[in-house]
Structures are given as structure tokens and as C-alpha cells.
10 protein chains.
Amino acid sequence: MEFMTRTTINLPQATAPALRDGLMTDEFAAGAAMIRSGKLERIWRLPGQRANMAVWNVTDATELHDLLSSLPLFPYMRIEVFALSTHPLEHSGD
Amino acid sequence: MEFMTRTTINLPQATAPALRDGLMTDEFAAGAAMIRSGKLERIWRLPGQRANMAVWNVTDATELHDLLSSLPLFPYMRIEVFALSTHPLEHSGD
Amino acid sequence: MEFMTRTTINLPQATAPALRDGLMTDEFAAGAAMIRSGKLERIWRLPGQRANMAVWNVTDATELHDLLSSLPLFPYMRIEVFALSTHPLEHSGD
Amino acid sequence: MEFMTRTTINLPQATAPALRDGLMTDEFAAGAAMIRSGKLERIWRLPGQRANMAVWNVTDATELHDLLSSLPLFPYMRIEVFALSTHPLEHSGD
Amino acid sequence: MEFMTRTTINLPQATAPALRDGLMTDEFAAGAAMIRSGKLERIWRLPGQRANMAVWNVTDATELHDLLSSLPLFPYMRIEVFALSTHPLEHSGD
Amino acid sequence: MEFMTRTTINLPQATAPALRDGLMTDEFAAGAAMIRSGKLERIWRLPGQRANMAVWNVTDATELHDLLSSLPLFPYMRIEVFALSTHPLEHSGD
Amino acid sequence: MEFMTRTTINLPQATAPALRDGLMTDEFAAGAAMIRSGKLERIWRLPGQRANMAVWNVTDATELHDLLSSLPLFPYMRIEVFALSTHPLEHSGD
Amino acid sequence: MEFMTRTTINLPQATAPALRDGLMTDEFAAGAAMIRSGKLERIWRLPGQRANMAVWNVTDATELHDLLSSLPLFPYMRIEVFALSTHPLEHSGD
Amino acid sequence: MEFMTRTTINLPQATAPALRDGLMTDEFAAGAAMIRSGKLERIWRLPGQRANMAVWNVTDATELHDLLSSLPLFPYMRIEVFALSTHPLEHSGD
Amino acid sequence: MEFMTRTTINLPQATAPALRDGLMTDEFAAGAAMIRSGKLERIWRLPGQRANMAVWNVTDATELHDLLSSLPLFPYMRIEVFALSTHPLEHSGD
């Protein structure tokens, strides 16, 4: 089942640069692993924001929560989740 | 450039069934053509709503408007548009 | 997987009484069948409103949409959907 | 009488780990006791959020407030309360 | 148990004057009966609006819904309901 | 003239316990005095929140502001004020 | 006591021109009389809107409601009311 | 003085085509005249919407209102107005 | 040209009393000077809030911004600005 | 392609004056360079706010994000982005 997420990241300005850099590196590695596993299908930046929209392919909302809450920046994220149904147009060429 | 849209369709209940059926058939055909052309990359239903989320690949916002306003159901749509920037994670496996 | 829905029903005041009564009877029968099948787990009225909250147990958002859009009053409903994850407290007595 | 709650937890990031762990353990124990007593009927996580939805079976809003305000994490919670009326569908199989 | 309601009335401008007058007379009589029974404790107009705030003393949300949905103008009302808990200040003079 | 208020209290978690206890005791005493004087007619807790709704009987908005801003917890309060008009139903039994 | 109002007027487009003109003439006359009586102190148009902001000097919210609900266009108005307290700056030159 | 406007146009679907075409032609001519006079400096479509954003150069809000309310489609417009101040960056190259 | 402002002041609770008193004294003096100059026509407190509504008579939005941003408390203010057009009723007695 | 942005700046009050002055100087220089390059076409202050509206001429949303995120004050900005389509009126004089 697919989900859309809209994620905003609020890492405090006062975060020490070394901690920030470490979090960012770990976050990127975790995201890349989720892309390789096929769980994270697409991800885009929202321009001018520290925010992204992403499409996930997971078993259910519990697996989605486990993935999201494993991210290093999860404590700093505000996430909206949209459950997605298949649209008949996507099979219009079958 | 990619855009995300969130579209809600409000076809009045009082629409005559023949008009409604004709609009639905034409809308489906128009959507299928946009998928074949590659302009409409993905589309999902939002469950419980007469609404969808979609990802578009177009030159700019003017081409996006021309595509959306050519849809047979456009007069009945409320559309939110999100401009999308590329996210470095999408090239993490390059 | 479970979902929560919040549904508001806006049947126009001008609906002919016979049509209204027929819709209400059919809606009740459809809801009762969904309870018997176990798809609709719980349902409550929101006091003072033509609205309810309900808990569903379905395969995914596509099955949820198919159930909701099969309801006789679906054309008159505005529905919010919340995907639900399991909470560890629910297994605290295991 | 039943109530629905939607609770968001905002424990500050700067909370000392030992304090945080103690609060979490105490919160889980308090929640489990409320489930065993039948006051807390159901609870779900909202995916991607530090938030839950729950169904309570209590005498009235005063007992609900007493239960909620006794929770160890109550000072860090934002809670929305929805009073629930019985729905005739729940007795449709009687 | 007490509840607060905030009710807005949207009787269509096109309502025939005789129907409107009949509804208004019936609504006033129904409200007066609820005051005499003690179910409706207080009621105020919100200035400049076709709206009121009211305090109810009922068994639970199901009785409140039964009272509200019995009002002649109920089909034209939008009602917000706030469940109320007792406040220790109200017994400060005991 | 009567007013309704909806007050939310945000005393910072970091407030020293002695200061907090003193503020709470002073606030309760000030509220009790306003009840005895008849200025504060009714007050309820909103369940699950550090919030209340209250009904005031004062000369005008200036007296209401003077009362509210004299409360020990006023610096920590967010207050919504609703001016109230008399409702003809309240005199329906005269 | 003074009040601020923000009023939006939604006269349906389908209103017959003669009815519209009559309403407008009557509304203007009623407003002019309220200015002469000193009840209506100031009034401004909000540019680009069929809306105004106004300052009233009345006894209380009940008189304000009586004035507003006597206006010919009242059935077509949505009105927000702000109760006003005196500000010490207004007497700073005394 | 400059103003920004955000205008949404809601011409009812049921408008007769001849009336609609006449309104559109007149609206375009009126807009073109305002561009030629220098009152309307810039105008953009918001993609996917029957809406535009525009920049105006007028004496004050009264002249802006006179221009906007003279537009043939004004009765069908919802308009937000933002007053603009000069920004020091615009003279940074002087 | 006239403007309406709605200003909310959020001076942090932790502000040292001497700094707070100084700011308040300077703010009052600045406001009184603006009243004497005729730039600030009217000002009211919103009851129960650290907020005011005010009417300004200035050349344009740039002069308004210069006045507002010169206030000692400006760094602690959140200000909404409404541009005002003249209303024909204000000249109805001419 | 053109974009509109609405930017609000929240530099904490506690920022050391030297840091603040340095940031402001650098921000002004960066903005001036973007004007000279033609990327930043117009910019206005919103009166009474630490906010601006601006019009950008860039290749796509990715270039816009790169420009915005290069600004010295970017970590303190909240930015809304509106993609813009060309409006036929802008070519009405061609």
C-alpha cells in the first residue's frame, strides 16, 4: 500500500554544528537505504522550505510509522500522512 | 520540472446522468492521454473523497495550467499546486 | 489494517421525503451489512451533528475507498480518513 | 458514556534521558492500568506523529478529566476531546 | 453532566414567510419547554449573528443529541458541542 | 452585561514548584472573590485541557479587562472574549 | 461602550434589480440615521470587498444586536463583533 | 502607492454561454485599459485556478476599490488586498 | 489615507522588570506623540488580551511601516494591517 | 519561469547585536546581487511586519530553492512559494 508524506524539519538553530552535521549524514544514509529497499519510492524538496514530500510503498501504517520513527531526524520532524488508494487511470494503458 | 497537484472534484448532484457519464468518459480519456505522453507521471485517489493527488512533468507552470484547464472536468475542480524541487536523495544511488 | 473516519452528511433540505426515506433505509442496511462482515468495527454519532466517527478493519486504503463509495449516501458525504498504526498499549496485557 | 480523544505529546528534546525514560515507563504503566480497568477501551498511534487517538468509557467529562490529568505525561500533552453519542447501527444486529 | 453548545442557524432566505413563521413559533415553544424542564440552563444571543450559546444539563451526549435533533430548526443548524467538567472554583464557597 | 470567556493557561513547565504553588493559590483566591462579588457567574473546566469557559456579569468590556488583567495567572493566559446579548427564551417563562 | 464590527454582505447575484436597488436605498438611509444618532461612529469600506469595518457606541451587546438586526440587508450579512475596552493612550493628552 | 491583490473568480457554471462570453470579453478589455493607464502593473495566473495575482499602482485604497469594483466580473470575484511598502533593496542599485 | 491595525504584544515573561518598565514608558510616550501629531486617530484595547486595534491617518503604507517600526515594542509585536477605503455613509450628512 | 514568494523573518530577539548587524549587511548584499542578476525582479515590504513579497525569474523550482537557501537569513525565514503562469492580459498590448 502507498502513502504520501509531507515532512517539515525543525532542527533548532542552536544545534551544535558537529551534532547537526552528524545528524544530516546519518539521515541521508538512512534515506538512501530506504530508497534502495524500495520502501521510499519518490522524494521531492518543497522550494524555500526545510520540507519534503515523499511516496512510500509499505505493508500498512504500522510499518510506515516504524520507518519514519527510525529516522535520525524524526524527533525534529512534523509529518502529515495521506493514505493513498489506487487510481483507475494508472491501469488505463494495460 | 515536476509539480504535485491535489484536486477535488465537485460535480453537482443535480447533473443529468447522461451529461455526467459523458464528462466522466471524456475525463478518463484525457487523463489516459496525459499519462501516455508522460506529462502525468503518477495519480492516486484519496480514500473516501472525490479527490486525487498527482505528479506532473512539464516545462513550467504555464504548461501545467494549459493541461489542467483542458480537462473536461476542470470547471468543477478545485486544485492546489505545489512546485517541486529535486531532492538529493533521488540521486543517492548514482 | 485499521482506519478512523469522520463523516459529515449533507443531504439537501430540498430532497423529496420519499427519496430521503429510501436513501436512509438503504444506508442503514448497507452499514449493518458492513458491521456483520467485520469491516466496520465501531461507529458513534457526534452529538448535535449529522456526522459520525467510525473504525474500519480493511486490507488497505483501496478497500476502504471501495466500501465508502458503495454507500448510498456517499454522494452527500464529506469524509476525513485517518490511517491508524497499532499502539503498544493494546498488547500490554498479553 | 464514551469519549474520543486525540492526544499529541510534546516532550522537549532537551529532556534529560533518565527523566524521559522514567516518564515513558510511568506513562505506559498508567495507560495499561486504565486498559485493565476498562476506562480506556481502544488506543491507536497516528503514523509519523507522537500522537494517538483513544476511546474512553467513563461516567462523564469530569471523570475523563481526572483520568487524563493523572497521566505522567499530561503536562506535555495537547488533547482534543469529542463527546460521543450512541449510533443506532451499533444495535442493528440485536 | 453539563454541555456548552454554539449554534448557528441558516434558514434559507427563500423560505416562504408562512413556513418561516411556523418554524420560529415552534422553535420558541420547544426551547421554552426545555428551559422549564431544566435541560436548557442558559442561552444567549451572539450579537450580529443568527447564533446562540447555551448551557445544557443532561445525562450524557446521547440525551443531548436527542434534544438537539428534536428542535424544529435542527435541519438548519450547525452546532458545536463542548463537554464540560466541573471547576473547583464553583465549590469554593461551600 | 454578560460576557463569555474561553481561557487557556500556559504556565511554563520550567516554573519553580514554589512559584507555581503560590500562583495557583493566589489565582484560586482571586477567582473565589470574583464569584462572591457576583462578577464571575459560572466557570467550567474543558476536559483534558488547562482551560476553562466562564460567564461574567460586568458593566462593560473595560471592567472585564480590569478583572481579567488583575488575575495572578493573567500573564500566562490566552483569552477569547464573546460579548453576549440577552436571548428572548430566557424570559419565556415570565 | 464601543464595539468594532466587520461586516460582509452577500446579496445573491440573482436578486432582481428593483429589489436590490430598494434594499440598497433603504440600507443607506438606515445607516445614515444611525450616524446622525451617534450610534454609528465610523465606517470604512474594505477595498475590493463588499465589506466594511465600523465603530459603534451603544449601551451593550443587546442594543448592538437590535441595531444590526434592524438593517435592511441584515439577512444577507455575516458580522464579526469585537468588544472594545478603553485604551489609556486615548487620555494621554488630558 | 502599490498594492498586491489575489483574485479568485467564481462565475456560476449555469451562466448562459453568451453572457459568459460577453463578460469575459468586457473583462479583458477593462483589464487591458488598466494596463495601458499604468494602474495595473503586473498580473499572473495561478496555475490550476481561476485566479490571479496582480500589482497595482494607485493613489490610495479608495482608488483601488473604484478600479476593482468597476470590473465587469467584480460581482463574481473574491479579492484579498495587501498594502505594500517600498523595500530598500529596490533602490540598492541607485 | 486611513489604515486599521490589530496589534498583539508578546513581551517575554522573562524580561527583566526594569527593562520592561522602561519599554512600557517609552512605548506610551511614543504612542502619545503619534496621537498628538494626528497620525494615530483612535486606539482601543481588546479585552483580556495584550492587544489593541487602532486607526491611522498616514500618506501611504511606507509611512505606516516607518511609524510602526519606530515603536519601542515593535520587535515584540505581531501586527495585521487593513487598508481602508472611504465609505459613502461618512458623507451622508454633507 | 516566474515565482512569487512571501517571506517572514524571525531572527530571535536574543541575537547578539554584532551577529545581527552582520547578518543584515550580508543579507542586503546578497539581495542586491540577485536584483542585479535579474533573478529577483521585484520586492516589497509588508507594512508592520518583518516580511516581504517578491517576484523571481528563474529556470525552475530547483534554482529558486538554491537561491533562497543561499541567503544568509534563510535559517530564520518562513517562505511560501507560489508558482506563476503567464496571464494573457500581459500581452494584450502586443
# chains A, B, ... in the order shown; residues from 1 in each chain; ligands from 1
>>> closest_atom_pairs(of="chain D", to="chain A", cutoff="12 Å", atoms="only C-alpha atoms", output="Markdown table")
| residue | atom | partner | partner_atom | distance |
| --- | --- | --- | --- | --- |
| D:Thr8 | CA | A:Arg78 | CA | 11.5 |
| D:Ile9 | CA | A:Pro75 | CA | 11.6 |
| D:Asn10 | CA | A:Pro75 | CA | 10.0 |
| D:Leu11 | CA | A:Pro75 | CA | 9.9 |
| D:Pro12 | CA | A:Pro75 | CA | 9.6 |
| D:Gln13 | CA | A:Pro75 | CA | 7.4 |
| D:Ala14 | CA | A:Pro75 | CA | 11.0 |
| D:Trp44 | CA | A:Thr62 | CA | 10.0 |
| D:Arg45 | CA | A:Thr62 | CA | 8.4 |
| D:Leu46 | CA | A:His65 | CA | 8.1 |
| D:Pro47 | CA | A:His65 | CA | 4.7 |
| D:Gly48 | CA | A:His65 | CA | 5.1 |
| D:Gln49 | CA | A:Ile79 | CA | 6.5 |
| D:Arg50 | CA | A:Pro75 | CA | 9.1 |
| D:Ala51 | CA | A:Ile79 | CA | 11.1 |
>>> write_last_selection(atoms="N, CA and C atoms", output="mmCIF file, in the first residue's frame")
data_model
loop_
_atom_site.group_PDB
_atom_site.id
_atom_site.type_symbol
_atom_site.label_atom_id
_atom_site.label_comp_id
_atom_site.auth_asym_id
_atom_site.auth_seq_id
_atom_site.Cartn_x
_atom_site.Cartn_y
_atom_site.Cartn_z
ATOM 1 N N THR D 8 -1.625 14.761 21.405
ATOM 2 C CA THR D 8 -0.284 14.988 20.855
ATOM 3 C C THR D 8 0.663 15.247 22.009
ATOM 4 N N ILE D 9 1.825 14.600 21.990
ATOM 5 C CA ILE D 9 2.778 14.693 23.100
ATOM 6 C C ILE D 9 3.989 15.495 22.648
ATOM 7 N N ASN D 10 4.329 16.537 23.397
ATOM 8 C CA ASN D 10 5.462 17.410 23.070
ATOM 9 C C ASN D 10 6.478 17.411 24.195
ATOM 10 N N LEU D 11 7.138 16.318 24.412
ATOM 11 C CA LEU D 11 8.186 16.278 25.422
ATOM 12 C C LEU D 11 9.400 16.996 24.840
ATOM 13 N N PRO D 12 9.902 18.055 25.519
ATOM 14 C CA PRO D 12 11.005 18.820 24.926
ATOM 15 C C PRO D 12 12.210 17.930 24.618
ATOM 16 N N GLN D 13 12.846 18.201 23.464
ATOM 17 C CA GLN D 13 14.044 17.455 23.066
ATOM 18 C C GLN D 13 15.118 17.500 24.150
ATOM 19 N N ALA D 14 15.160 18.598 24.916
ATOM 20 C CA ALA D 14 16.223 18.789 25.895
ATOM 21 C C ALA D 14 15.984 17.993 27.182
ATOM 22 N N TRP D 44 -4.824 3.986 19.438
ATOM 23 C CA TRP D 44 -4.057 3.784 18.208
ATOM 24 C C TRP D 44 -2.999 4.882 18.101
ATOM 25 N N ARG D 45 -1.874 4.548 17.459
ATOM 26 C CA ARG D 45 -0.899 5.570 17.089
ATOM 27 C C ARG D 45 -1.323 6.203 15.786
ATOM 28 N N LEU D 46 -1.097 7.525 15.652
ATOM 29 C CA LEU D 46 -1.215 8.184 14.355
ATOM 30 C C LEU D 46 0.164 8.116 13.713
ATOM 31 N N PRO D 47 0.308 7.462 12.546
ATOM 32 C CA PRO D 47 1.639 7.206 11.990
ATOM 33 C C PRO D 47 2.412 8.492 11.720
ATOM 34 N N GLY D 48 3.708 8.474 12.034
ATOM 35 C CA GLY D 48 4.578 9.612 11.773
ATOM 36 C C GLY D 48 4.440 10.730 12.787
ATOM 37 N N GLN D 49 3.590 10.523 13.813
ATOM 38 C CA GLN D 49 3.390 11.557 14.818
ATOM 39 C C GLN D 49 3.598 10.972 16.216
ATOM 40 N N ARG D 50 3.933 11.834 17.152
ATOM 41 C CA ARG D 50 3.920 11.455 18.563
ATOM 42 C C ARG D 50 2.510 11.746 19.066
ATOM 43 N N ALA D 51 1.558 10.963 18.584
ATOM 44 C CA ALA D 51 0.144 11.272 18.820
ATOM 45 C C ALA D 51 -0.653 9.983 18.806
#
>>> residues_around(residues="stretch 25-32 of chain B", least_positions_apart="5", cutoff="7 Å", atoms="only C-alpha atoms", output="list in words")
Leu89 and Ser92 of chain A; Leu71, Pro72 and Leu73 of chain B
>>> write_last_selection(atoms="C-alpha atoms", output="PDB file, in the first residue's frame")
ATOM      1  CA  LEU A  89      -6.061   5.856 -14.638  1.00  0.00           C
ATOM      2  CA  SER A  92      -5.523   2.735 -18.316  1.00  0.00           C
TER       3      SER A  92
ATOM      4  CA  LEU B  71      -9.579  18.715 -18.717  1.00  0.00           C
ATOM      5  CA  PRO B  72     -13.342  18.215 -19.273  1.00  0.00           C
ATOM      6  CA  LEU B  73     -13.993  18.361 -15.506  1.00  0.00           C
TER       7      LEU B  73
END
>>> atom_distance(atom1="atom CA of H:Glu90", atom2="atom CA of J:Trp56")
13.4 Å
>>> select_by_dssp(residues="stretch 2-93 of chain I", states="helix (DSSP H, G or I)", output="PyMOL selection string")
chain I and resi 17-36+61-69+74-76+88-91
>>> select_by_dssp(residues="stretch 5-94 of chain H", states="strand (DSSP E)", output="PyMOL selection string")
chain H and resi 5-9+40-45+51-57+77-83+85-86
>>> write_last_selection(atoms="C-alpha atoms", output="JSON list (two decimals), in the first residue's frame")
[["chain", "number", "residue", "atom", "x", "y", "z"],
["H", 5, "THR", "CA", -4.27, 41.62, -5.00],
["H", 6, "ARG", "CA", -5.14, 37.94, -5.12],
["H", 7, "THR", "CA", -8.40, 37.49, -7.02],
["H", 8, "THR", "CA", -10.49, 34.32, -7.39],
["H", 9, "ILE", "CA", -13.33, 34.31, -9.93],
["H", 40, "LEU", "CA", -2.27, 47.64, -13.31],
["H", 41, "GLU", "CA", 1.46, 46.97, -13.36],
["H", 42, "ARG", "CA", 1.70, 43.17, -13.43],
["H", 43, "ILE", "CA", -0.73, 40.24, -13.49],
["H", 44, "TRP", "CA", -0.17, 36.46, -13.31],
["H", 45, "ARG", "CA", -2.39, 33.39, -13.42],
["H", 51, "ALA", "CA", -7.37, 33.13, -10.00],
["H", 52, "ASN", "CA", -4.71, 35.76, -10.49],
["H", 53, "MET", "CA", -2.23, 37.85, -8.56],
["H", 54, "ALA", "CA", -1.72, 41.45, -9.60],
["H", 55, "VAL", "CA", 0.29, 44.54, -8.68],
["H", 56, "TRP", "CA", -1.43, 47.94, -8.76],
["H", 57, "ASN", "CA", -0.06, 51.48, -8.70],
["H", 77, "MET", "CA", -14.73, 37.98, -7.54],
["H", 78, "ARG", "CA", -13.31, 37.29, -4.10],
["H", 79, "ILE", "CA", -10.33, 39.64, -3.65],
["H", 80, "GLU", "CA", -7.62, 39.80, -1.00],
["H", 81, "VAL", "CA", -5.73, 43.10, -0.83],
["H", 82, "PHE", "CA", -2.19, 43.55, 0.55],
["H", 83, "ALA", "CA", -0.91, 47.09, 1.05],
["H", 85, "SER", "CA", 5.60, 49.42, 1.42],
["H", 86, "THR", "CA", 8.74, 50.18, -0.54]]
>>> atom_distance(atom1="atom CA of I:Val58", atom2="atom CA of H:Val58")
15.3 Å
>>> atom_distance(atom1="atom CA of J:Gly22", atom2="atom CA of J:Ser70")
15.5 Å
